[in-house]
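Data from data.cif: mmCIF, C-alpha atoms (C1' of nucleotides) and all ligand atoms
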data_start
loop_
_atom_site.label_atom_id
_atom_site.label_comp_id
_atom_site.auth_asym_id
_atom_site.auth_seq_id
_atom_site.Cartn_x
_atom_site.Cartn_y
_atom_site.Cartn_z
CA MET T 18 4.64 -21.18 -34.05
CA ASP T 19 6.45 -18.19 -32.67
CA LYS T 20 10.20 -18.28 -33.34
CA THR T 21 10.90 -15.42 -30.93
CA ALA T 22 9.05 -17.08 -28.08
CA LEU T 23 10.97 -20.28 -28.71
CA GLN T 24 14.24 -18.39 -28.62
CA ILE T 25 13.33 -16.70 -25.34
CA LEU T 26 12.66 -20.07 -23.76
CA GLU T 27 15.88 -21.55 -25.12
CA GLN T 28 17.89 -18.58 -23.89
CA HIS T 29 16.66 -19.30 -20.40
CA SER T 30 17.10 -23.09 -20.68
CA ILE T 31 13.39 -23.71 -20.34
CA ARG T 32 12.18 -26.66 -22.36
CA PRO T 33 9.64 -25.54 -24.91
CA SER T 34 6.13 -26.90 -25.15
CA VAL T 35 3.13 -25.75 -27.12
CA GLN T 36 1.66 -24.15 -24.02
CA ARG T 37 4.88 -22.45 -22.90
CA ILE T 38 5.53 -21.03 -26.33
CA GLU T 39 2.00 -19.68 -26.54
CA VAL T 40 2.23 -18.00 -23.14
CA VAL T 41 5.55 -16.34 -23.95
CA SER T 42 4.31 -15.41 -27.40
CA TYR T 43 1.19 -13.86 -25.93
CA LEU T 44 3.21 -11.81 -23.46
CA TYR T 45 5.60 -10.78 -26.22
CA HIS T 46 2.88 -9.51 -28.52
CA ASN T 47 0.47 -8.16 -25.92
CA ARG T 48 2.20 -5.72 -23.65
CA ILE T 49 -0.87 -5.18 -21.50
CA HIS T 50 0.33 -6.75 -18.24
CA PRO T 51 -2.36 -9.42 -18.32
CA THR T 52 -3.63 -11.53 -15.44
CA ALA T 53 -3.37 -15.33 -15.48
CA ASP T 54 -7.05 -15.42 -16.30
CA GLU T 55 -6.66 -13.06 -19.26
CA ILE T 56 -3.85 -15.17 -20.64
CA PHE T 57 -5.95 -18.29 -20.21
CA ASN T 58 -8.93 -16.79 -22.01
CA ALA T 59 -6.76 -15.52 -24.84
CA LEU T 60 -5.10 -18.90 -25.44
CA ASN T 61 -8.03 -21.19 -24.75
CA GLY T 62 -9.27 -20.62 -28.29
CA THR T 63 -6.09 -21.91 -29.95
CA ILE T 64 -5.47 -24.60 -27.32
CA PRO T 65 -8.94 -25.92 -26.44
CA THR T 66 -7.61 -28.47 -23.95
CA LEU T 67 -5.75 -25.78 -22.00
CA SER T 68 -6.06 -25.79 -18.24
CA LYS T 69 -5.87 -22.73 -16.04
CA THR T 70 -3.54 -24.61 -13.73
CA THR T 71 -1.12 -24.88 -16.64
CA ILE T 72 -1.10 -21.10 -16.96
CA TYR T 73 -0.24 -20.75 -13.29
CA ASN T 74 2.39 -23.48 -13.55
CA ILE T 75 4.01 -21.88 -16.56
CA LEU T 76 3.96 -18.37 -15.11
CA LYS T 77 5.69 -19.63 -11.99
CA LEU T 78 8.23 -21.50 -14.12
CA LEU T 79 8.86 -18.43 -16.26
CA GLU T 80 9.21 -16.21 -13.22
CA ASP T 81 11.68 -18.58 -11.55
CA GLY T 82 13.54 -18.73 -14.85
CA GLY T 83 13.83 -14.95 -15.07
CA VAL T 84 11.59 -14.60 -18.11
CA VAL T 85 8.62 -12.85 -16.55
CA LYS T 86 7.98 -10.52 -13.66
CA HIS T 87 4.80 -10.05 -11.71
CA ILE T 88 3.23 -6.71 -10.92
CA ASN T 89 1.25 -5.92 -7.77
CA ILE T 90 -0.26 -2.60 -8.82
CA ASP T 91 -3.73 -4.16 -8.78
CA GLU T 92 -4.97 -5.58 -5.48
CA LYS T 93 -7.35 -8.02 -7.14
CA ASN T 94 -5.05 -10.00 -9.42
CA VAL T 95 -1.39 -10.46 -9.98
CA ARG T 96 -0.33 -9.23 -13.41
CA TYR T 97 2.55 -10.40 -15.58
CA GLU T 98 4.95 -9.08 -18.17
CA LEU T 99 8.06 -10.20 -19.98
CA ILE T 100 11.16 -8.84 -18.33
CA ILE T 101 12.41 -6.00 -20.48
CA GLY T 102 14.45 -2.92 -19.66
CA GLU T 103 13.74 -1.10 -16.41
CA HIS T 104 10.59 0.98 -16.41
CA ALA T 105 7.82 2.17 -14.13
CA HIS T 106 4.09 1.44 -14.30
CA PHE T 107 1.12 3.74 -14.50
CA ARG T 108 -2.38 2.51 -13.72
CA CYS T 109 -5.24 4.67 -14.94
CA ASP T 110 -7.89 5.32 -12.29
CA ASN T 111 -10.50 5.48 -15.02
CA CYS T 112 -9.82 2.70 -17.54
CA SER T 113 -7.61 0.56 -15.25
CA ARG T 114 -5.10 -0.02 -18.02
CA ILE T 115 -1.47 -0.34 -17.03
CA PHE T 116 1.06 1.65 -19.04
CA ASP T 117 4.81 1.32 -19.28
CA ILE T 118 6.47 4.58 -18.29
CA PRO T 119 10.16 5.51 -18.43
CA ALA T 120 11.72 4.85 -15.03
CA PRO T 121 12.21 7.93 -12.88
CA THR T 122 15.75 9.11 -12.34
CA SER T 123 15.93 8.53 -8.61
CA LYS T 124 18.38 9.02 -5.83
CA HIS T 125 17.34 6.47 -3.24
CA ASN T 126 17.68 7.59 0.36
CA LEU T 127 18.19 4.19 1.91
CA PRO T 128 19.26 4.04 5.55
CA GLU T 129 22.41 2.16 6.48
CA GLY T 130 22.19 -1.61 6.20
CA PHE T 131 19.45 -2.08 3.61
CA THR T 132 20.40 -3.88 0.42
CA ILE T 133 18.13 -3.40 -2.58
CA ARG T 134 17.45 -6.35 -4.86
CA GLU T 135 14.59 -4.75 -6.71
CA SER T 136 12.89 -1.38 -6.84
CA ASP T 137 9.44 -0.78 -8.31
CA THR T 138 7.68 2.48 -9.04
CA TYR T 139 3.92 2.52 -9.42
CA TYR T 140 1.96 5.56 -10.52
CA GLN T 141 -1.77 6.06 -10.39
CA GLY T 142 -3.72 8.79 -12.10
CA ILE T 143 -5.41 9.55 -15.40
CA CYS T 144 -4.05 8.37 -18.74
CA PRO T 145 -3.92 10.63 -21.82
CA GLU T 146 -6.95 9.03 -23.48
CA CYS T 147 -9.12 9.32 -20.38
CA SER T 148 -7.99 12.91 -19.86
CA LYS T 149 -9.63 13.84 -23.15
CA LYS T 150 -12.90 11.98 -22.60
CA PRO T 151 -15.26 13.46 -20.04
CA ILE T 152 -15.53 11.03 -17.13
CA VAL T 153 -19.07 9.67 -17.22
CA MET X 1 -9.28 4.94 25.48
CA ASP X 2 -6.86 6.54 23.06
CA LYS X 3 -7.18 10.31 22.91
CA THR X 4 -5.02 10.59 19.80
CA ALA X 5 -7.05 8.04 17.89
CA LEU X 6 -10.22 9.89 18.83
CA GLN X 7 -8.75 13.15 17.58
CA ILE X 8 -7.72 11.59 14.28
CA LEU X 9 -11.26 10.38 13.71
CA GLU X 10 -12.74 13.75 14.65
CA GLN X 11 -10.34 15.59 12.37
CA HIS X 12 -11.67 13.53 9.48
CA SER X 13 -15.32 13.82 10.53
CA ILE X 14 -15.61 10.11 11.16
CA ARG X 15 -17.91 9.25 14.03
CA PRO X 16 -15.99 7.44 16.71
CA SER X 17 -16.89 4.02 18.03
CA VAL X 18 -15.06 1.63 20.28
CA GLN X 19 -14.01 -0.45 17.29
CA ARG X 20 -12.93 2.52 15.14
CA ILE X 21 -10.89 4.03 17.92
CA GLU X 22 -9.17 0.72 18.55
CA VAL X 23 -8.30 0.23 14.89
CA VAL X 24 -6.85 3.72 14.56
CA SER X 25 -5.07 3.37 17.87
CA TYR X 26 -3.56 0.08 16.79
CA LEU X 27 -2.32 1.57 13.53
CA TYR X 28 -0.97 4.58 15.39
CA HIS X 29 1.04 2.54 17.87
CA ASN X 30 2.03 -0.34 15.59
CA ARG X 31 3.76 0.93 12.48
CA ILE X 32 4.10 -2.52 11.00
CA HIS X 33 1.74 -2.21 8.02
CA PRO X 34 -0.56 -4.93 9.30
CA THR X 35 -3.09 -6.96 7.35
CA ALA X 36 -6.80 -6.88 8.22
CA ASP X 37 -6.32 -10.26 9.82
CA GLU X 38 -3.44 -9.08 11.99
CA ILE X 39 -5.48 -6.13 13.19
CA PHE X 40 -8.37 -8.42 13.96
CA ASN X 41 -6.23 -10.82 15.97
CA ALA X 42 -4.60 -7.99 17.88
CA LEU X 43 -7.92 -6.41 18.88
CA ASN X 44 -10.01 -9.51 19.40
CA GLY X 45 -8.56 -9.86 22.88
CA THR X 46 -9.77 -6.47 24.08
CA ILE X 47 -13.03 -6.60 22.08
CA PRO X 48 -14.13 -10.24 22.30
CA THR X 49 -17.28 -9.65 20.24
CA LEU X 50 -15.27 -8.17 17.37
CA SER X 51 -16.06 -9.37 13.87
CA LYS X 52 -13.60 -9.54 11.02
CA THR X 53 -16.17 -7.92 8.77
CA THR X 54 -16.04 -4.91 11.06
CA ILE X 55 -12.31 -4.63 10.49
CA TYR X 56 -12.84 -4.64 6.73
CA ASN X 57 -15.72 -2.15 7.05
CA ILE X 58 -13.67 0.21 9.19
CA LEU X 59 -10.57 0.00 7.00
CA LYS X 60 -12.66 0.90 3.97
CA LEU X 61 -14.26 3.77 5.85
CA LEU X 62 -10.89 5.04 7.04
CA GLU X 63 -9.43 4.79 3.58
CA ASP X 64 -12.35 6.67 2.01
CA GLY X 65 -11.98 9.24 4.78
CA GLY X 66 -8.29 9.76 4.04
CA VAL X 67 -7.06 8.31 7.31
CA VAL X 68 -5.39 5.15 6.06
CA LYS X 69 -3.68 3.97 2.91
CA HIS X 70 -3.32 0.45 1.63
CA ILE X 71 -0.10 -1.10 0.45
CA ASN X 72 0.20 -3.71 -2.29
CA ILE X 73 3.79 -4.76 -1.77
CA ASP X 74 2.63 -8.24 -0.68
CA GLU X 75 0.68 -10.30 -3.20
CA LYS X 76 -1.10 -12.34 -0.54
CA ASN X 77 -2.75 -9.67 1.58
CA VAL X 78 -3.46 -5.98 1.44
CA ARG X 79 -1.65 -4.10 4.17
CA TYR X 80 -2.60 -0.85 5.87
CA GLU X 81 -1.00 2.16 7.50
CA LEU X 82 -2.01 5.55 8.81
CA ILE X 83 -1.38 8.25 6.25
CA ILE X 84 1.74 10.09 7.34
CA GLY X 85 4.35 12.03 5.41
CA GLU X 86 5.45 10.67 2.07
CA HIS X 87 7.80 7.73 2.25
CA ALA X 88 8.74 4.55 0.41
CA HIS X 89 8.45 0.94 1.55
CA PHE X 90 11.03 -1.78 1.83
CA ARG X 91 10.05 -5.43 2.13
CA CYS X 92 12.68 -7.81 3.41
CA ASP X 93 13.04 -10.97 1.33
CA ASN X 94 14.03 -12.86 4.44
CA CYS X 95 11.83 -11.75 7.35
CA SER X 96 9.01 -10.26 5.20
CA ARG X 97 8.79 -7.18 7.39
CA ILE X 98 7.91 -3.90 5.74
CA PHE X 99 9.99 -0.88 6.63
CA ASP X 100 9.35 2.82 6.14
CA ILE X 101 12.11 4.36 4.09
CA PRO X 102 12.66 8.02 3.21
CA ALA X 103 11.12 8.69 -0.20
CA PRO X 104 13.62 8.82 -3.06
CA THR X 105 14.27 12.19 -4.62
CA SER X 106 12.87 11.44 -8.04
CA LYS X 107 12.51 13.19 -11.33
CA HIS X 108 9.59 11.45 -12.95
CA ASN X 109 9.84 11.01 -16.71
CA LEU X 110 6.15 10.98 -17.49
CA PRO X 111 5.13 11.15 -21.15
CA GLU X 112 2.77 13.90 -22.28
CA GLY X 113 -0.82 13.57 -21.10
CA PHE X 114 -0.43 11.49 -17.95
CA THR X 115 -1.60 13.06 -14.69
CA ILE X 116 -0.24 11.57 -11.47
CA ARG X 117 -2.53 11.31 -8.46
CA GLU X 118 -0.28 9.04 -6.48
CA SER X 119 3.19 7.59 -6.76
CA ASP X 120 4.47 4.62 -4.77
CA THR X 121 7.97 3.25 -4.47
CA TYR X 122 8.47 -0.31 -3.29
CA TYR X 123 11.86 -1.80 -2.55
CA GLN X 124 12.70 -5.42 -1.99
CA GLY X 125 15.91 -6.79 -0.59
CA ILE X 126 17.54 -7.60 2.75
CA CYS X 127 16.99 -5.55 5.89
CA PRO X 128 19.83 -4.60 8.26
CA GLU X 129 18.94 -7.24 10.87
CA CYS X 130 18.79 -10.05 8.33
CA SER X 131 22.03 -8.89 6.75
CA LYS X 132 23.82 -9.68 10.01
CA LYS X 133 22.24 -13.08 10.62
CA PRO X 134 23.37 -15.89 8.35
CA ILE X 135 20.41 -16.93 6.21
CA VAL X 136 19.48 -20.45 7.30
"C1'" DA C 7 8.92 -51.19 -27.78
"C1'" DA C 8 9.38 -50.56 -22.85
"C1'" DT C 9 10.38 -47.56 -19.20
"C1'" DA C 10 11.24 -43.36 -16.96
"C1'" DA C 11 10.84 -38.42 -16.66
"C1'" DA C 12 8.50 -34.30 -17.57
"C1'" DT C 13 4.31 -31.85 -18.49
"C1'" DT C 14 -0.45 -31.02 -18.65
"C1'" DT C 15 -4.95 -31.47 -16.99
"C1'" DG C 16 -9.16 -31.70 -13.89
"C1'" DT C 17 -10.85 -31.45 -9.50
"C1'" DA C 18 -10.74 -30.25 -4.85
"C1'" DA C 19 -9.14 -27.20 -1.29
"C1'" DT C 20 -7.61 -22.79 0.56
"C1'" DG C 21 -8.26 -18.30 2.14
"C1'" DA C 22 -8.75 -13.26 1.63
"C1'" DA C 23 -12.29 -10.26 0.66
"C1'" DT C 24 -17.20 -9.15 -0.11
"C1'" DA C 25 -22.41 -9.45 0.14
"C1'" DC C 26 -26.09 -9.44 2.85
"C1'" DA C 27 -29.38 -9.74 6.36
"C1'" DA C 28 -30.04 -9.75 11.34
"C1'" DT C 29 -28.88 -7.65 15.59
"C1'" DA C 30 -27.29 -4.03 18.46
"C1'" DT C 31 -26.18 0.62 19.33
"C1'" DT C 32 -26.68 5.54 18.98
"C1'" DA C 33 -29.13 9.71 17.64
"C1'" DT C 34 -33.36 12.25 16.97
"C1'" DA C 35 -38.28 13.21 17.54
"C1'" DA C 36 -42.33 13.10 20.11
"C1'" DT W 19 -38.39 9.21 29.04
"C1'" DT W 20 -40.19 6.55 25.26
"C1'" DA W 21 -40.73 5.71 20.43
"C1'" DT W 22 -38.62 5.82 16.08
"C1'" DA W 23 -35.21 6.40 12.76
"C1'" DA W 24 -30.39 6.15 11.46
"C1'" DT W 25 -26.02 4.10 12.01
"C1'" DA W 26 -22.80 0.50 13.19
"C1'" DT W 27 -21.57 -4.14 14.25
"C1'" DT W 28 -21.88 -8.93 13.79
"C1'" DG W 29 -22.38 -13.72 11.81
"C1'" DT W 30 -22.95 -16.35 7.99
"C1'" DA W 31 -22.82 -17.35 3.29
"C1'" DT W 32 -20.61 -16.44 -1.03
"C1'" DT W 33 -17.18 -15.21 -4.38
"C1'" DC W 34 -13.14 -15.92 -6.72
"C1'" DA W 35 -8.04 -15.96 -7.39
"C1'" DT W 36 -4.66 -19.10 -6.33
"C1'" DT W 37 -2.70 -23.50 -4.81
"C1'" DA W 38 -2.52 -28.62 -3.86
"C1'" DC W 39 -2.62 -32.86 -5.63
"C1'" DA W 40 -3.22 -36.94 -8.21
"C1'" DA W 41 -4.45 -38.87 -12.72
"C1'" DA W 42 -3.61 -38.69 -17.55
"C1'" DT W 43 -0.84 -37.43 -21.34
"C1'" DT W 44 3.27 -36.37 -23.73
"C1'" DT W 45 8.21 -36.58 -24.42
"C1'" DA W 46 12.81 -38.49 -23.62
"C1'" DT W 47 15.81 -42.38 -22.66
"C1'" DT W 48 17.17 -47.19 -22.62
MN MN A 201 5.63 -3.09 -17.88
MN MN A 202 4.67 3.06 5.64
ZN ZN A 203 -7.43 5.64 -18.89
ZN ZN A 204 14.69 -8.94 7.38
#

Encoding of this model in structure tokens:
Amino acid sequence: MDKTALQILEQHSIRPSVQRIEVVSYLYHNRIHPTADEIFNALNGTIPTLSKTTIYNILKLLEDGGVVKHINIDEKNVRYELIIGEHAHFRCDNCSRIFDIPAPTSKHNLPEGFTIRESDTYYQGICPECSKKPIV
Amino acid sequence: MDKTALQILEQHSIRPSVQRIEVVSYLYHNRIHPTADEIFNALNGTIPTLSKTTIYNILKLLEDGGVVKHINIDEKNVRYELIIGEHAHFRCDNCSRIFDIPAPTSKHNLPEGFTIRESDTYYQGICPECSKKPIV
DNA sequence: AATAAATTTGTAATGAATACAATATTATAA
DNA sequence: TTATAATATTGTATTCATTACAAATTTATT
């Protein structure tokens, strides 16, 4: 049982359960911005009775509770991560992995009247590993 | 028939057709970042035989040809726009409209080895109109 | 222990996007 | 022009991520 995951849930007043702890623990230890399906497949081994609906339920609960954030960089699936300090995302055109990148230092040129709640920066290009390999 | 739309297609060496001209024309005159479905519904009146598959086919063709760009700010549907000068996007939490916003002046803090092909900035918050109205 | 509340689970439904084959249109050759 | 090939559109079926919903299970309260 993951003490850190339990603490994260308690800090956000979300009642812990085996499934919730496992989801948070997975996100804490796997900073790969997984899809709901990837989380399900990763946890289905340790929780054989797990349902995919539970994953969706928990992700919604965690998002409403301010524990996770979803990422729309991929048009196929929604991806998730634990909310940590501000940062941007880089998706590699070649290997499709999503990297955490330091946030740009930006001066936003917002017209009069717009109020920002959230600002997301998405990069696409080639990651360091794929730059070295010749693209097949 | 829209002369401008025809020119845009010709400039990108895409053979014109009634359907292609109408799609480009719609995007040119309606800067609302529509979904494939919205485009279909808008054009189905003037082209009664239109198929939704055609809209998807054309949007893919236009994107490959460098005429349009898709936007992932909305997790439900992919949205489209004509490629114009660089700018950011603002999605209103209240009315869900997507606004063009001047691009931020950013200094990107990319680690060694990453090569950017594209960079997108998405804002979320409240638009000027919705700021005035009381939220029901 | 009994009851109520919360959580998980399985199944069915939704809906955007894609696959694919048939039809229609346009271009090229004869 | 007519025949033939290439291209484009259309309709239908399929895929698959996500949601809806009700039954079953687990946990909390009396
Ligand atoms: Mn991240
Ligand atoms: Mn735009
Ligand atoms: Zn890569
Ligand atoms: Zn608004």

Interface residues on chain W facing chain X, 9 Å, all atoms listed in the file, written as a list in words: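 In the required form, that comes to DA26, DT27, DT28 and DG29 of chain W.
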
Neighbours of chain T in chain X at 9 Å, counting only C-alpha atoms, as a PyMOL selection string: chain X and resi 71-75+77-78+90+92-93+101-129+131

One-decimal distance in Å that lies between atom C1' of DT48 of chain W and atom C1' of DA8 of chain C: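 So the answer is 8.5 Å.
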
Would you mind listing, for every residue of chain C within 12 Å of chain X, the two atoms forming the shortest contact and the distance between them in Å to one decimal, using all atoms listed in the file, sorted by chain and ascending residue number, as CSV?
residue,atom,partner,partner_atom,distance
C:DG21,C1',X:Lys76,CA,9.7
C:DA22,C1',X:Asn77,CA,7.0
C:DA23,C1',X:Tyr56,CA,8.3
C:DT24,C1',X:Thr53,CA,9.0
C:DA25,C1',X:Thr53,CA,10.8
C:DC26,C1',X:Thr53,CA,11.7
C:DA30,C1',X:Thr49,CA,11.6
C:DT31,C1',X:Ser17,CA,10.0
C:DT32,C1',X:Ser17,CA,10.0
C:DA33,C1',X:Arg15,CA,11.8

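A distance search around ligand MN 202 (chain A) (9 Å at most, all atoms listed in the file) returns the following protein and nucleic acid residues: Arg31, Ile32, His33, Lys69, Ile71, Tyr80, Glu81, Leu82, Ile83, Ile84, Gly85, Glu86, His87, Ala88, His89, Phe90, Ile98, Phe99, Asp100 and Ile101 of chain X.
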
Selection near DA46 of chain W, 9 Å with only C-alpha atoms (C1' of nucleotides), sequence-local residues under 3 positions removed, as an NGL selection string: :C and (10-12)

For atom CA of Glu39 of chain T and atom CA of Glu27 of chain T, the interatomic separation in Å (one decimal):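 Interatomic distance, atom CA of Glu39 of chain T to atom CA of Glu27 of chain T: 14.1 Å.
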
d(atom CA of Lys133 of chain X, atom CA of Asn94 of chain X) in Å: 10.3 Å

Ref. answer, residues at most 10 Å from (-4.0, -35.5, -10.0) with all atoms listed in the file, as a list in words: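 With a cut-off of 10 Å, the residues come to DT15, DG16, DT17 and DA18 of chain C; DA38, DC39, DA40, DA41 and DA42 of chain W.
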
Coords for chain W, C-alpha atoms (C1' of nucleotides), as a CSV table (one decimal), in the first residue's frame:
chain,number,residue,atom,x,y,z
W,19,DT,C1',-17.3,12.0,-79.4
W,20,DT,C1',-16.8,7.6,-77.2
W,21,DA,C1',-14.2,4.5,-74.3
W,22,DT,C1',-11.4,4.0,-70.5
W,23,DA,C1',-8.8,5.2,-66.6
W,24,DA,C1',-8.3,8.1,-62.5
W,25,DT,C1',-10.3,10.7,-59.0
W,26,DA,C1',-13.9,12.1,-55.8
W,27,DT,C1',-18.1,11.4,-53.4
W,28,DT,C1',-21.4,8.8,-51.0
W,29,DG,C1',-23.7,5.3,-47.9
W,30,DT,C1',-23.2,1.9,-44.8
W,31,DA,C1',-20.9,-0.8,-41.6
W,32,DT,C1',-17.4,-0.8,-38.0
W,33,DT,C1',-14.4,0.7,-34.4
W,34,DC,C1',-13.5,2.3,-30.1
W,35,DA,C1',-13.2,5.8,-26.3
W,36,DT,C1',-16.4,7.4,-23.2
W,37,DT,C1',-20.7,7.6,-20.6
W,38,DA,C1',-25.2,5.9,-18.6
W,39,DC,C1',-27.3,3.1,-15.6
W,40,DA,C1',-28.6,-0.4,-12.6
W,41,DA,C1',-27.1,-4.4,-9.9
W,42,DA,C1',-23.8,-6.0,-6.6
W,43,DT,C1',-20.4,-5.2,-3.2
W,44,DT,C1',-18.2,-2.8,0.4
W,45,DT,C1',-18.0,0.4,4.2
W,46,DA,C1',-20.1,3.4,7.7
W,47,DT,C1',-23.8,4.4,11.0
W,48,DT,C1',-27.4,3.3,14.1
